[in-house]
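For reference, data.tsv (TSV, C-alpha atoms):
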chain	number	residue	atom	x	y	z
A	1	MET	CA	79.91	70.80	161.55
A	2	THR	CA	82.50	70.00	158.89
A	3	GLN	CA	83.00	72.29	155.94
A	4	HIS	CA	81.47	71.23	152.65
A	5	PRO	CA	84.18	70.29	150.08
A	6	SER	CA	83.05	73.15	147.81
A	7	ARG	CA	84.27	75.61	150.47
A	8	MET	CA	87.76	74.07	150.76
A	9	GLY	CA	91.00	74.65	148.93
A	10	HIS	CA	91.25	78.43	148.84
A	11	VAL	CA	94.83	79.53	149.45
A	12	PRO	CA	95.26	82.56	151.75
A	13	PRO	CA	97.57	85.39	150.62
A	14	ILE	CA	101.23	84.58	151.19
A	15	VAL	CA	103.93	86.98	152.34
A	16	THR	CA	106.81	85.42	150.40
A	17	PRO	CA	106.22	85.80	146.65
A	18	ALA	CA	106.74	82.90	144.25
A	19	SER	CA	109.94	83.06	142.18
A	20	SER	CA	107.88	82.05	139.14
A	21	PRO	CA	104.57	83.85	138.44
A	22	PRO	CA	101.57	81.86	139.70
A	23	ILE	CA	98.80	80.65	137.38
A	24	PHE	CA	95.35	82.06	138.13
A	25	GLN	CA	93.36	79.14	136.74
A	26	THR	CA	89.98	80.49	137.77
A	27	THR	CA	86.74	81.42	136.03
A	28	ALA	CA	85.88	84.34	138.33
A	29	PHE	CA	87.17	86.36	141.27
A	30	ASP	CA	85.53	86.88	144.65
A	31	ILE	CA	84.43	90.50	145.17
A	32	PRO	CA	83.83	91.90	148.69
A	33	ASP	CA	80.75	93.98	147.90
A	34	LEU	CA	78.91	96.11	145.33
A	35	ASP	CA	81.08	99.13	146.07
A	36	VAL	CA	84.19	97.25	144.99
A	37	LEU	CA	82.34	95.88	141.96
A	38	ALA	CA	81.41	99.41	140.91
A	39	ALA	CA	85.02	100.55	141.34
A	40	LEU	CA	86.26	97.63	139.22
A	41	HIS	CA	83.79	98.48	136.46
A	42	ALA	CA	84.84	102.12	136.60
A	43	GLY	CA	88.52	101.24	136.49
A	44	THR	CA	89.26	103.06	139.74
A	45	ALA	CA	90.19	99.83	141.54
A	46	ASP	CA	92.76	97.26	140.53
A	47	GLY	CA	91.38	93.76	140.20
A	48	HIS	CA	89.42	91.32	138.10
A	49	ILE	CA	85.83	90.10	137.85
A	50	TYR	CA	85.60	87.38	135.21
A	51	THR	CA	88.36	85.70	133.21
A	52	ARG	CA	86.58	86.32	129.90
A	53	ASP	CA	87.22	90.01	130.59
A	54	SER	CA	90.57	89.91	132.37
A	55	ASN	CA	92.84	87.74	134.47
A	56	PRO	CA	96.18	88.38	136.24
A	57	ASN	CA	97.97	86.14	133.73
A	58	HIS	CA	96.40	88.03	130.82
A	59	LYS	CA	97.44	91.32	132.37
A	60	ALA	CA	101.01	90.22	133.04
A	61	LEU	CA	101.52	89.05	129.47
A	62	ALA	CA	99.79	92.08	127.96
A	63	GLU	CA	102.03	94.42	129.95
A	64	SER	CA	105.12	92.47	128.90
A	65	ILE	CA	104.17	92.68	125.21
A	66	ALA	CA	103.42	96.39	125.54
A	67	THR	CA	106.85	96.94	127.09
A	68	LEU	CA	108.62	94.96	124.37
A	69	GLU	CA	106.76	96.83	121.61
A	70	GLY	CA	107.08	100.27	123.21
A	71	ALA	CA	103.29	100.59	123.50
A	72	GLU	CA	101.02	102.11	126.12
A	73	SER	CA	98.95	98.96	126.54
A	74	GLY	CA	98.42	95.39	125.38
A	75	ALA	CA	95.76	92.71	125.07
A	76	VAL	CA	95.72	88.94	124.79
A	77	PHE	CA	93.43	86.63	122.79
A	78	ALA	CA	92.69	82.96	122.19
A	79	SER	CA	94.79	82.93	118.98
A	80	GLY	CA	96.59	85.15	116.54
A	81	MET	CA	93.49	85.14	114.35
A	82	GLY	CA	91.47	86.11	117.43
A	83	ALA	CA	93.73	89.15	117.81
A	84	ILE	CA	93.36	90.18	114.16
A	85	ALA	CA	89.59	89.59	114.21
A	86	ALA	CA	89.12	91.59	117.41
A	87	VAL	CA	91.12	94.51	116.02
A	88	ALA	CA	89.26	94.39	112.69
A	89	MET	CA	85.82	94.27	114.30
A	90	THR	CA	86.76	97.11	116.64
A	91	LEU	CA	88.01	99.44	113.93
A	92	ALA	CA	85.56	98.70	111.09
A	93	GLY	CA	81.92	97.75	110.55
A	94	THR	CA	79.32	97.31	107.84
A	95	GLY	CA	79.79	99.83	105.03
A	96	ASP	CA	83.35	100.71	106.05
A	97	HIS	CA	86.42	100.14	103.91
A	98	ILE	CA	89.67	98.44	104.90
A	99	LEU	CA	92.92	98.10	102.98
A	100	VAL	CA	95.09	94.99	103.29
A	101	GLY	CA	98.30	93.69	101.78
A	102	ARG	CA	97.55	91.17	99.05
A	103	SER	CA	100.24	88.74	100.19
A	104	LEU	CA	99.31	87.75	103.75
A	105	TYR	CA	98.83	84.61	105.82
A	106	GLY	CA	96.08	82.66	104.09
A	107	ILE	CA	93.65	82.60	106.99
A	108	THR	CA	93.98	86.36	107.38
A	109	LEU	CA	92.93	86.67	103.74
A	110	LYS	CA	90.10	84.24	104.46
A	111	LEU	CA	88.94	86.48	107.33
A	112	MET	CA	88.92	89.46	104.99
A	113	ARG	CA	86.67	87.54	102.60
A	114	ARG	CA	84.33	86.67	105.47
A	115	LEU	CA	84.15	90.30	106.59
A	116	GLN	CA	83.33	91.33	103.05
A	117	GLN	CA	80.83	88.61	102.17
A	118	GLN	CA	79.05	88.19	105.48
A	119	PHE	CA	79.37	91.56	107.19
A	120	GLY	CA	79.37	94.02	104.31
A	121	VAL	CA	82.86	95.43	104.86
A	122	ASP	CA	84.53	96.71	101.68
A	123	VAL	CA	88.04	95.26	101.32
A	124	SER	CA	90.77	96.39	98.91
A	125	TYR	CA	94.10	94.68	98.33
A	126	PHE	CA	97.42	96.32	97.51
A	127	ASP	CA	101.08	95.43	97.07
A	128	ALA	CA	102.66	96.10	100.47
A	129	THR	CA	106.09	96.37	98.84
A	130	ASP	CA	104.84	99.44	96.93
A	131	ALA	CA	103.92	102.20	99.37
A	132	ALA	CA	103.15	104.55	96.47
A	133	SER	CA	100.17	102.39	95.53
A	134	VAL	CA	98.40	103.10	98.84
A	135	ALA	CA	97.04	106.49	97.81
A	136	GLY	CA	95.11	105.00	94.90
A	137	HIS	CA	93.16	102.73	97.24
A	138	LEU	CA	92.23	105.14	100.03
A	139	GLN	CA	88.59	106.08	100.48
A	140	THR	CA	86.83	108.43	102.87
A	141	SER	CA	85.42	105.31	104.55
A	142	THR	CA	88.83	103.60	105.02
A	143	LYS	CA	89.11	102.66	108.69
A	144	PHE	CA	92.45	100.85	108.81
A	145	CYS	CA	95.18	99.17	106.81
A	146	LEU	CA	96.62	95.73	107.62
A	147	ILE	CA	100.05	94.46	106.56
A	148	GLU	CA	102.68	91.98	107.72
A	149	THR	CA	106.23	93.03	108.53
A	150	VAL	CA	107.49	90.15	106.39
A	151	SER	CA	104.83	88.37	104.36
A	152	ASN	CA	103.84	84.74	104.77
A	153	PRO	CA	105.18	82.71	102.95
A	154	LEU	CA	107.22	84.70	100.37
A	155	LEU	CA	108.93	86.99	102.92
A	156	GLU	CA	108.25	90.26	101.12
A	157	VAL	CA	109.37	93.12	103.37
A	158	ALA	CA	106.93	96.00	103.84
A	159	ASP	CA	108.16	99.57	104.21
A	160	ILE	CA	106.11	100.29	107.33
A	161	ALA	CA	107.07	103.97	107.65
A	162	SER	CA	106.30	104.79	104.02
A	163	ILE	CA	102.95	102.99	104.14
A	164	ALA	CA	102.02	104.73	107.40
A	165	SER	CA	102.86	108.08	105.83
A	166	ALA	CA	100.86	107.32	102.67
A	167	LEU	CA	97.81	106.39	104.76
A	168	ASN	CA	97.53	110.05	105.82
A	169	GLY	CA	96.15	109.34	109.30
A	170	VAL	CA	94.35	106.06	108.63
A	171	PRO	CA	95.47	103.60	111.36
A	172	LEU	CA	98.08	101.06	110.27
A	173	VAL	CA	97.84	97.59	111.86
A	174	VAL	CA	100.96	95.43	111.49
A	175	ASP	CA	101.23	91.69	112.01
A	176	SER	CA	104.76	91.19	113.33
A	177	THR	CA	104.53	87.45	114.02
A	178	PHE	CA	107.51	86.56	111.81
A	179	THR	CA	109.84	89.22	113.18
A	180	THR	CA	108.92	89.83	116.84
A	181	PRO	CA	110.03	92.95	118.78
A	182	GLU	CA	113.54	91.50	118.82
A	183	LEU	CA	113.94	92.42	115.14
A	184	ILE	CA	111.58	95.37	114.66
A	185	ARG	CA	109.07	97.44	116.65
A	186	PRO	CA	106.41	98.57	114.15
A	187	LEU	CA	104.98	101.28	116.41
A	188	GLU	CA	108.29	103.12	116.12
A	189	HIS	CA	107.81	103.15	112.33
A	190	GLY	CA	104.33	104.67	112.32
A	191	ALA	CA	102.00	101.74	113.01
A	192	GLU	CA	99.18	102.28	115.52
A	193	ILE	CA	98.58	98.65	116.47
A	194	VAL	CA	100.86	95.62	116.30
A	195	VAL	CA	99.56	92.03	116.50
A	196	HIS	CA	101.24	88.66	116.88
A	197	SER	CA	100.31	85.04	116.82
A	198	ALA	CA	101.94	84.37	120.18
A	199	SER	CA	101.63	80.66	119.40
A	200	LYS	CA	104.74	81.23	117.29
A	201	TYR	CA	108.03	82.86	118.35
A	202	LEU	CA	106.82	84.68	121.46
A	203	ASN	CA	106.07	81.33	123.06
A	204	GLY	CA	108.45	79.38	120.87
A	205	HIS	CA	107.78	75.80	121.91
A	206	GLY	CA	104.79	74.66	119.85
A	207	ASP	CA	102.48	74.14	122.82
A	208	VAL	CA	100.35	77.30	122.98
A	209	MET	CA	97.44	78.79	121.00
A	210	LEU	CA	97.44	82.52	121.76
A	211	GLY	CA	97.37	85.98	120.18
A	212	VAL	CA	98.46	89.40	121.42
A	213	ALA	CA	98.11	93.04	120.38
A	214	ALA	CA	99.71	96.27	121.53
A	215	GLY	CA	99.00	99.94	120.92
A	216	SER	CA	97.52	102.99	122.59
A	217	ALA	CA	95.55	102.60	125.82
A	218	SER	CA	92.35	103.73	124.08
A	219	HIS	CA	92.75	101.27	121.20
A	220	MET	CA	93.50	98.36	123.52
A	221	ARG	CA	90.58	99.22	125.82
A	222	ALA	CA	88.21	99.07	122.84
A	223	VAL	CA	89.78	95.88	121.47
A	224	ARG	CA	89.51	94.13	124.85
A	225	ALA	CA	85.81	95.07	125.00
A	226	THR	CA	85.27	93.49	121.57
A	227	SER	CA	87.17	90.39	122.63
A	228	SER	CA	84.98	89.99	125.72
A	229	VAL	CA	81.74	90.22	123.73
A	230	PHE	CA	82.89	87.74	121.09
A	231	GLY	CA	84.56	85.36	123.56
A	232	GLN	CA	88.03	85.72	122.07
A	233	ASN	CA	89.70	85.75	125.49
A	234	ALA	CA	92.91	83.87	126.18
A	235	ASN	CA	93.49	81.00	128.58
A	236	PRO	CA	95.38	81.82	131.82
A	237	PHE	CA	97.67	78.79	131.54
A	238	GLU	CA	98.64	79.56	127.94
A	239	SER	CA	99.25	83.19	128.89
A	240	TRP	CA	101.57	81.91	131.61
A	241	LEU	CA	103.38	79.60	129.17
A	242	THR	CA	103.91	82.46	126.74
A	243	GLN	CA	105.20	84.69	129.54
A	244	ARG	CA	107.72	81.94	130.28
A	245	GLY	CA	108.65	81.73	126.59
A	246	LEU	CA	109.42	85.45	126.48
A	247	ARG	CA	112.31	84.88	128.87
A	248	THR	CA	114.30	83.11	126.15
A	249	LEU	CA	113.01	85.11	123.15
A	250	PRO	CA	116.23	87.12	122.55
A	251	LEU	CA	118.43	84.03	122.57
A	252	ARG	CA	116.06	81.98	120.42
A	253	MET	CA	115.59	84.68	117.79
A	254	GLN	CA	119.32	85.31	117.56
A	255	GLN	CA	120.08	81.63	116.94
A	256	ILE	CA	117.13	80.96	114.63
A	257	THR	CA	117.74	84.06	112.49
A	258	LYS	CA	121.41	83.24	112.00
A	259	THR	CA	120.70	79.64	111.03
A	260	THR	CA	117.93	80.66	108.62
A	261	SER	CA	120.20	83.04	106.72
A	262	GLN	CA	122.79	80.28	106.37
A	263	LEU	CA	120.15	77.82	105.21
A	264	ALA	CA	118.81	80.28	102.62
A	265	GLU	CA	122.30	80.55	101.12
A	266	PHE	CA	122.64	76.76	101.05
A	267	LEU	CA	119.26	76.26	99.35
A	268	SER	CA	120.03	78.92	96.73
A	269	GLN	CA	122.94	76.79	95.51
A	270	HIS	CA	121.10	73.45	95.35
A	271	PRO	CA	120.41	72.15	91.82
A	272	ALA	CA	116.92	70.93	92.74
A	273	VAL	CA	115.81	74.41	93.81
A	274	ALA	CA	114.52	76.96	91.32
A	275	THR	CA	113.99	79.94	93.65
A	276	VAL	CA	114.67	80.73	97.30
A	277	TYR	CA	112.57	83.35	99.05
A	278	HIS	CA	114.56	85.07	101.76
A	279	PRO	CA	115.32	88.80	102.08
A	280	THR	CA	119.01	88.27	102.88
A	281	LEU	CA	119.57	87.00	99.33
A	282	ARG	CA	120.49	89.68	96.81
A	283	HIS	CA	118.01	88.48	94.19
A	284	HIS	CA	115.05	88.91	96.57
A	285	GLY	CA	112.82	91.80	95.52
A	286	THR	CA	112.96	93.48	98.92
A	287	HIS	CA	116.60	92.75	99.75
A	288	ARG	CA	117.67	96.41	99.91
A	289	LEU	CA	114.81	97.39	102.23
A	290	ALA	CA	115.47	94.33	104.40
A	291	THR	CA	119.09	95.35	104.97
A	292	GLU	CA	117.89	98.77	106.14
A	293	LEU	CA	115.01	97.66	108.37
A	294	TYR	CA	116.40	94.33	109.60
A	295	PRO	CA	120.15	94.56	110.20
A	296	ASP	CA	119.90	91.53	112.48
A	297	GLY	CA	117.92	89.41	109.98
A	298	THR	CA	114.26	88.68	109.28
A	299	GLY	CA	113.54	85.69	111.50
A	300	GLY	CA	113.28	81.96	111.10
A	301	ILE	CA	111.34	81.40	107.87
A	302	VAL	CA	112.73	80.58	104.44
A	303	SER	CA	110.71	79.34	101.46
A	304	PHE	CA	111.86	77.71	98.23
A	305	ALA	CA	110.35	76.32	95.05
A	306	PHE	CA	111.35	73.13	93.27
A	307	ARG	CA	112.16	73.41	89.59
A	308	ASP	CA	109.23	71.19	88.66
A	309	GLY	CA	107.12	68.28	89.83
A	310	GLY	CA	104.30	70.05	91.64
A	311	LYS	CA	102.77	68.46	94.73
A	312	ALA	CA	104.27	65.07	93.91
A	313	ARG	CA	107.79	66.48	94.16
A	314	VAL	CA	106.97	68.24	97.43
A	315	ASN	CA	105.41	65.07	98.79
A	316	ALA	CA	108.52	63.05	97.92
A	317	PHE	CA	110.66	65.65	99.65
A	318	MET	CA	108.54	65.51	102.80
A	319	GLN	CA	108.67	61.73	102.86
A	320	ALA	CA	112.45	61.78	102.42
A	321	ALA	CA	112.97	64.37	105.16
A	322	GLU	CA	112.14	61.88	107.90
A	323	SER	CA	113.76	63.87	110.72
A	324	ILE	CA	112.07	67.17	109.74
A	325	PRO	CA	108.29	66.87	110.20
A	326	PHE	CA	105.58	68.35	108.00
A	327	SER	CA	103.57	70.67	110.27
A	328	ALA	CA	100.91	73.22	109.36
A	329	THR	CA	102.39	75.81	111.71
A	330	LEU	CA	105.74	77.45	112.38
A	331	ALA	CA	108.16	78.73	115.03
A	332	ASP	CA	108.49	75.56	117.07
A	333	ALA	CA	111.82	74.87	118.75
A	334	ARG	CA	112.31	72.17	116.11
A	335	THR	CA	112.56	72.71	112.37
A	336	THR	CA	109.40	71.94	110.41
A	337	ILE	CA	108.29	72.12	106.78
A	338	SER	CA	104.95	73.11	105.28
A	339	HIS	CA	103.20	73.39	101.92
A	340	PRO	CA	101.31	76.70	101.68
A	341	ALA	CA	99.30	75.67	98.60
A	342	THR	CA	97.51	72.94	100.56
A	343	THR	CA	97.58	74.41	104.08
A	344	SER	CA	97.33	78.15	104.80
A	345	HIS	CA	96.33	79.11	101.24
A	346	GLY	CA	94.49	75.91	100.33
A	347	PHE	CA	91.09	77.66	100.28
A	348	MET	CA	92.15	79.78	97.29
A	349	THR	CA	91.92	78.71	93.67
A	350	LYS	CA	95.14	77.77	91.88
A	351	ALA	CA	94.89	80.97	89.82
A	352	GLU	CA	94.44	83.10	92.95
A	353	ARG	CA	97.49	81.49	94.53
A	354	ALA	CA	99.54	81.99	91.37
A	355	ASP	CA	98.59	85.67	91.37
A	356	ILE	CA	100.40	86.13	94.70
A	357	GLY	CA	103.29	83.81	93.84
A	358	ILE	CA	102.25	80.63	95.64
A	359	THR	CA	102.79	77.61	93.42
A	360	ASP	CA	102.39	73.87	94.02
A	361	GLU	CA	106.20	73.58	94.05
A	362	LEU	CA	106.58	76.00	96.98
A	363	VAL	CA	107.82	74.74	100.35
A	364	ARG	CA	108.08	76.79	103.55
A	365	ILE	CA	110.69	75.89	106.14
A	366	SER	CA	110.40	77.07	109.74
A	367	VAL	CA	113.90	76.83	111.18
A	368	GLY	CA	114.25	75.68	114.76
A	369	LEU	CA	117.09	75.52	117.23
A	370	GLU	CA	119.06	72.71	115.59
A	371	PRO	CA	122.57	73.63	114.43
A	372	ILE	CA	123.12	74.35	110.74
A	373	GLU	CA	125.60	71.44	110.65
A	374	GLN	CA	122.69	69.09	111.33
A	375	LEU	CA	120.10	70.69	109.05
A	376	LYS	CA	122.15	71.03	105.87
A	377	PRO	CA	122.92	67.32	105.33
A	378	GLU	CA	119.36	66.33	106.29
A	379	LEU	CA	117.82	68.73	103.78
A	380	ASP	CA	120.44	67.96	101.15
A	381	ALA	CA	119.64	64.25	101.31
A	382	ALA	CA	115.89	64.90	101.11
A	383	LEU	CA	116.25	67.29	98.17
A	384	ASN	CA	118.48	64.84	96.31
A	385	SER	CA	116.10	61.96	96.96
A	386	ALA	CA	113.01	63.86	95.85
A	387	SER	CA	114.69	65.21	92.72
A	388	GLY	CA	116.49	62.05	91.60
A	389	TYR	CA	120.04	63.15	92.31
A	390	ALA	CA	122.17	60.08	92.96
A	391	GLU	CA	124.85	61.73	95.05
A	392	SER	CA	124.75	64.19	97.88
A	393	ARG	CA	126.80	67.30	97.26
Step by step, read the file and then write its structure as structure tokens.
Amino acid sequence: MTQHPSRMGHVPPIVTPASSPPIFQTTAFDIPDLDVLAALHAGTADGHIYTRDSNPNHKALAESIATLEGAESGAVFASGMGAIAAVAMTLAGTGDHILVGRSLYGITLKLMRRLQQQFGVDVSYFDATDAASVAGHLQTSTKFCLIETVSNPLLEVADIASIASALNGVPLVVDSTFTTPELIRPLEHGAEIVVHSASKYLNGHGDVMLGVAAGSASHMRAVRATSSVFGQNANPFESWLTQRGLRTLPLRMQQITKTTSQLAEFLSQHPAVATVYHPTLRHHGTHRLATELYPDGTGGIVSFAFRDGGKARVNAFMQAAESIPFSATLADARTTISHPATTSHGFMTKAERADIGITDELVRISVGLEPIEQLKPELDAALNSASGYAESR
């Protein structure tokens, strides 16, 4: 009797290992018996049961991130927001208080509003560039504090060590998406958990939606349990892609960071530009701290504001910059531009955006792997066109 097709296709174990890690694109794993199942649940046996809970590709990436961050353990999620949400829901609940930097990625701020309005979590906001202000916000019910290493999109540098000290034992969670472990390792500065949108630099090619976290084994065990219940688990294939992206992370970050610093200097001298937001520039409010914490630079983001013209000016610039696409994300291998006021922070009122420095004239540039010699003339031409300058400089 021939085998039914549903029984075919299983590959037996091979003696010679693959030179590239295999992809375990499976929903579940075959378990010999109830004794092995019990051992897997107890953590006394190495293996997996269901991909929502764990998968070899998840584990490989989590261990790699933990190693890069100097952490005991790691976890992977369906997106960067999945990572932040899982950490937040693990550490705090109804009636608890959390403290967050006031200048964060817009959707992170949106999550904080949702936790407050829908789940009864008390949220306070503070200036992450002023560690001394932390003490005035702490409560007995404060469960954690959330900041970014370098804020999105104004690139304000947070003094992680000073904030961690001011928290007096309250766990500090740091989003290090912009900087990656190539530029800073927040756990070494007093943070307890570090999170990333791995869709960005860790993967680096604009083809993955994934989040990661790293910290103590106990924290990550609890966060993974939350992720399983809420279905925030990652995809094996995207975990594999991100693992592949990590292989070139040092080279990519070195090139991108160098180009971004050069581009910030160029933009600061352009007559169409009112302000450039980049910590390498001396006028930036956190320049001195940036030189101490980030001797190798602060990554691949630079933002600038036109002198006037609002959204119309920005729109003209985007239309003129034909070779540099408008994209509501960042950290692709190619350079992209975005408009925070209508993308990440579009849910806020104009007054709320103005309060944290986000105007209609603000443009965020995510620098890719193109050489500076290519980017400068392209941006120069687009800036001149949008602002009515007849000649390129």
>> Please determine, counting all atoms listed in the file, which residue among A:Gly82, A:Gly299, A:Pro186, A:Gly120 has the shortest atom-to-atom distance to A:Glu69.
In response: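 For A:Glu69, the nearest of the given residues is A:Pro186.
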>> Using all atoms listed in the file, which protein or nucleic acid residues come within 9 Å of A:Gly204? Drop anything in the same chain fewer than 5 positions from it, and give the result as a ChimeraX atom specification.
In response: /A:198-199,242,245-246,248-249,252,331-333
> Could you work out how far atom CA of A:Ala75 lies from atom CA of A:Thr177, giving the answer in Å with one decimal?
Replying inline: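 One can read the atom CA of A:Thr177 to atom CA of A:Ala75 distance as 15.1 Å.
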> Contacts of A:His287 at 12 Å or less, counting all atoms listed in the file, minus same-chain residues fewer than 4 places along, as a list of chain:residue names?
Replying inline: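 Skipping anything fewer than 4 positions along the chain leaves A:Thr129, A:Val150, A:Leu155, A:Glu156, A:Val157, A:Ala158, A:Asp159, A:Tyr277, A:His278, A:Pro279, A:Thr280, A:Leu281, A:Arg282, A:His283, A:Thr291, A:Glu292, A:Leu293, A:Tyr294, A:Pro295, A:Gly297, A:Thr298.
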> What is the distance between atom CA of A:Ser176 and atom CA of A:His196, in Å to one decimal?
Replying inline: 5.6 Å
> Which residues, protein or nucleic acid, reach to within 12 Å of (113.5, 83.5, 103.4) in the file's coordinates when using all atoms listed in the file, and can you give that as an MDAnalysis selection string?
Replying inline: chainID A and resid 150:157 178:179 257:268 275:287 290 297:305 363:367
Residue contacts of A:His97 (6 Å, all atoms listed in the file) excluding same-chain residues fewer than 6 positions away, as a PDB file with C-alpha atoms, in the frame of the given file:
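Result went into part_15.pdb, see below:
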ATOM      1  CA  VAL A 121      82.860  95.430 104.860  1.00  0.00           C
ATOM      2  CA  ASP A 122      84.530  96.710 101.680  1.00  0.00           C
ATOM      3  CA  VAL A 123      88.040  95.260 101.320  1.00  0.00           C
ATOM      4  CA  SER A 141      85.420 105.310 104.550  1.00  0.00           C
ATOM      5  CA  THR A 142      88.830 103.600 105.020  1.00  0.00           C
TER       6      THR A 142
END
> If you measure from atom CA of A:Ile84 to atom CA of A:Gly70, what distance in Å do you get, rounded to one decimal?
Replying inline: 19.3 Å
> What's the 12 Å shell around A:Val194, counting all atoms listed in the file, without same-chain residues fewer than 6 positions away, as a PyMOL selection string?
Replying inline: chain A and resi 65-66+68-76+80+83-84+87+145-149+160+171-177+179-181+184-188+211-216+219-220
>> Which residue is closest to A:Pro22? Choose from A:His189, A:Arg244, A:His339, A:Arg114 and count only C-alpha atoms.
In response: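 Of A:His189, A:Arg244, A:His339, A:Arg114, the one nearest A:Pro22 is A:Arg244, counting only C-alpha atoms.
Distances to A:Gln116 were evaluated for A:Ala354, A:Met89, A:Leu167, A:Leu61 using only C-alpha atoms, and the minimum falls at A:Met89.
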>> At a cut-off of 10 Å, using all atoms listed in the file, what residues contact A:Ile324? Leave out same-chain residues fewer than 4 positions from it and give the result as an MDAnalysis selection string.
In response: chainID A and resid 318:320 334:337 365 367 375 378:379 382
>> Given all atoms listed in the file as the basis, pick out the residue of A:Ala351, A:Ala225, A:Val273, A:Ala191 nearest to A:Phe317.
In response: A:Val273
Reconstructed N, CA and C atoms for stretch 132-149 of chain A, given as a PDB file, in the frame of the given file:
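Just written: out_14.pdb:
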ATOM      1  N   ALA A 132     103.755 103.532  97.337  1.00  0.00           N
ATOM      2  CA  ALA A 132     103.150 104.550  96.470  1.00  0.00           C
ATOM      3  C   ALA A 132     101.764 104.150  95.989  1.00  0.00           C
ATOM      4  N   SER A 133     101.471 102.849  96.019  1.00  0.00           N
ATOM      5  CA  SER A 133     100.170 102.390  95.530  1.00  0.00           C
ATOM      6  C   SER A 133      99.049 102.600  96.550  1.00  0.00           C
ATOM      7  N   VAL A 134      99.404 102.940  97.785  1.00  0.00           N
ATOM      8  CA  VAL A 134      98.400 103.100  98.840  1.00  0.00           C
ATOM      9  C   VAL A 134      97.405 104.194  98.504  1.00  0.00           C
ATOM     10  N   ALA A 135      97.900 105.328  98.048  1.00  0.00           N
ATOM     11  CA  ALA A 135      97.040 106.490  97.810  1.00  0.00           C
ATOM     12  C   ALA A 135      95.896 106.171  96.860  1.00  0.00           C
ATOM     13  N   GLY A 136      96.140 105.332  95.872  1.00  0.00           N
ATOM     14  CA  GLY A 136      95.110 105.000  94.900  1.00  0.00           C
ATOM     15  C   GLY A 136      93.990 104.146  95.444  1.00  0.00           C
ATOM     16  N   HIS A 137      94.172 103.594  96.645  1.00  0.00           N
ATOM     17  CA  HIS A 137      93.160 102.730  97.240  1.00  0.00           C
ATOM     18  C   HIS A 137      92.382 103.392  98.376  1.00  0.00           C
ATOM     19  N   LEU A 138      92.877 104.511  98.872  1.00  0.00           N
ATOM     20  CA  LEU A 138      92.230 105.140 100.030  1.00  0.00           C
ATOM     21  C   LEU A 138      90.850 105.692  99.670  1.00  0.00           C
ATOM     22  N   GLN A 139      89.934 105.543 100.613  1.00  0.00           N
ATOM     23  CA  GLN A 139      88.590 106.080 100.480  1.00  0.00           C
ATOM     24  C   GLN A 139      88.259 106.883 101.735  1.00  0.00           C
ATOM     25  N   THR A 140      87.231 107.683 101.674  1.00  0.00           N
ATOM     26  CA  THR A 140      86.830 108.430 102.870  1.00  0.00           C
ATOM     27  C   THR A 140      86.343 107.492 103.963  1.00  0.00           C
ATOM     28  N   SER A 141      85.929 106.285 103.573  1.00  0.00           N
ATOM     29  CA  SER A 141      85.420 105.310 104.550  1.00  0.00           C
ATOM     30  C   SER A 141      86.483 104.324 105.012  1.00  0.00           C
ATOM     31  N   THR A 142      87.761 104.519 104.619  1.00  0.00           N
ATOM     32  CA  THR A 142      88.830 103.600 105.020  1.00  0.00           C
ATOM     33  C   THR A 142      89.099 103.735 106.520  1.00  0.00           C
ATOM     34  N   LYS A 143      88.971 102.632 107.229  1.00  0.00           N
ATOM     35  CA  LYS A 143      89.110 102.660 108.690  1.00  0.00           C
ATOM     36  C   LYS A 143      90.460 102.166 109.190  1.00  0.00           C
ATOM     37  N   PHE A 144      91.105 101.274 108.439  1.00  0.00           N
ATOM     38  CA  PHE A 144      92.450 100.850 108.810  1.00  0.00           C
ATOM     39  C   PHE A 144      93.086 100.109 107.651  1.00  0.00           C
ATOM     40  N   CYS A 145      94.400  99.933 107.781  1.00  0.00           N
ATOM     41  CA  CYS A 145      95.180  99.170 106.810  1.00  0.00           C
ATOM     42  C   CYS A 145      95.924  98.075 107.559  1.00  0.00           C
ATOM     43  N   LEU A 146      95.969  96.871 106.984  1.00  0.00           N
ATOM     44  CA  LEU A 146      96.620  95.730 107.620  1.00  0.00           C
ATOM     45  C   LEU A 146      97.722  95.188 106.722  1.00  0.00           C
ATOM     46  N   ILE A 147      98.920  95.053 107.276  1.00  0.00           N
ATOM     47  CA  ILE A 147     100.050  94.460 106.560  1.00  0.00           C
ATOM     48  C   ILE A 147     100.804  93.525 107.493  1.00  0.00           C
ATOM     49  N   GLU A 148     101.734  92.777 106.935  1.00  0.00           N
ATOM     50  CA  GLU A 148     102.680  91.980 107.720  1.00  0.00           C
ATOM     51  C   GLU A 148     104.065  92.598 107.583  1.00  0.00           C
ATOM     52  N   THR A 149     104.864  92.508 108.615  1.00  0.00           N
ATOM     53  CA  THR A 149     106.230  93.030 108.530  1.00  0.00           C
ATOM     54  C   THR A 149     106.974  92.327 107.400  1.00  0.00           C
TER      55      THR A 149
END
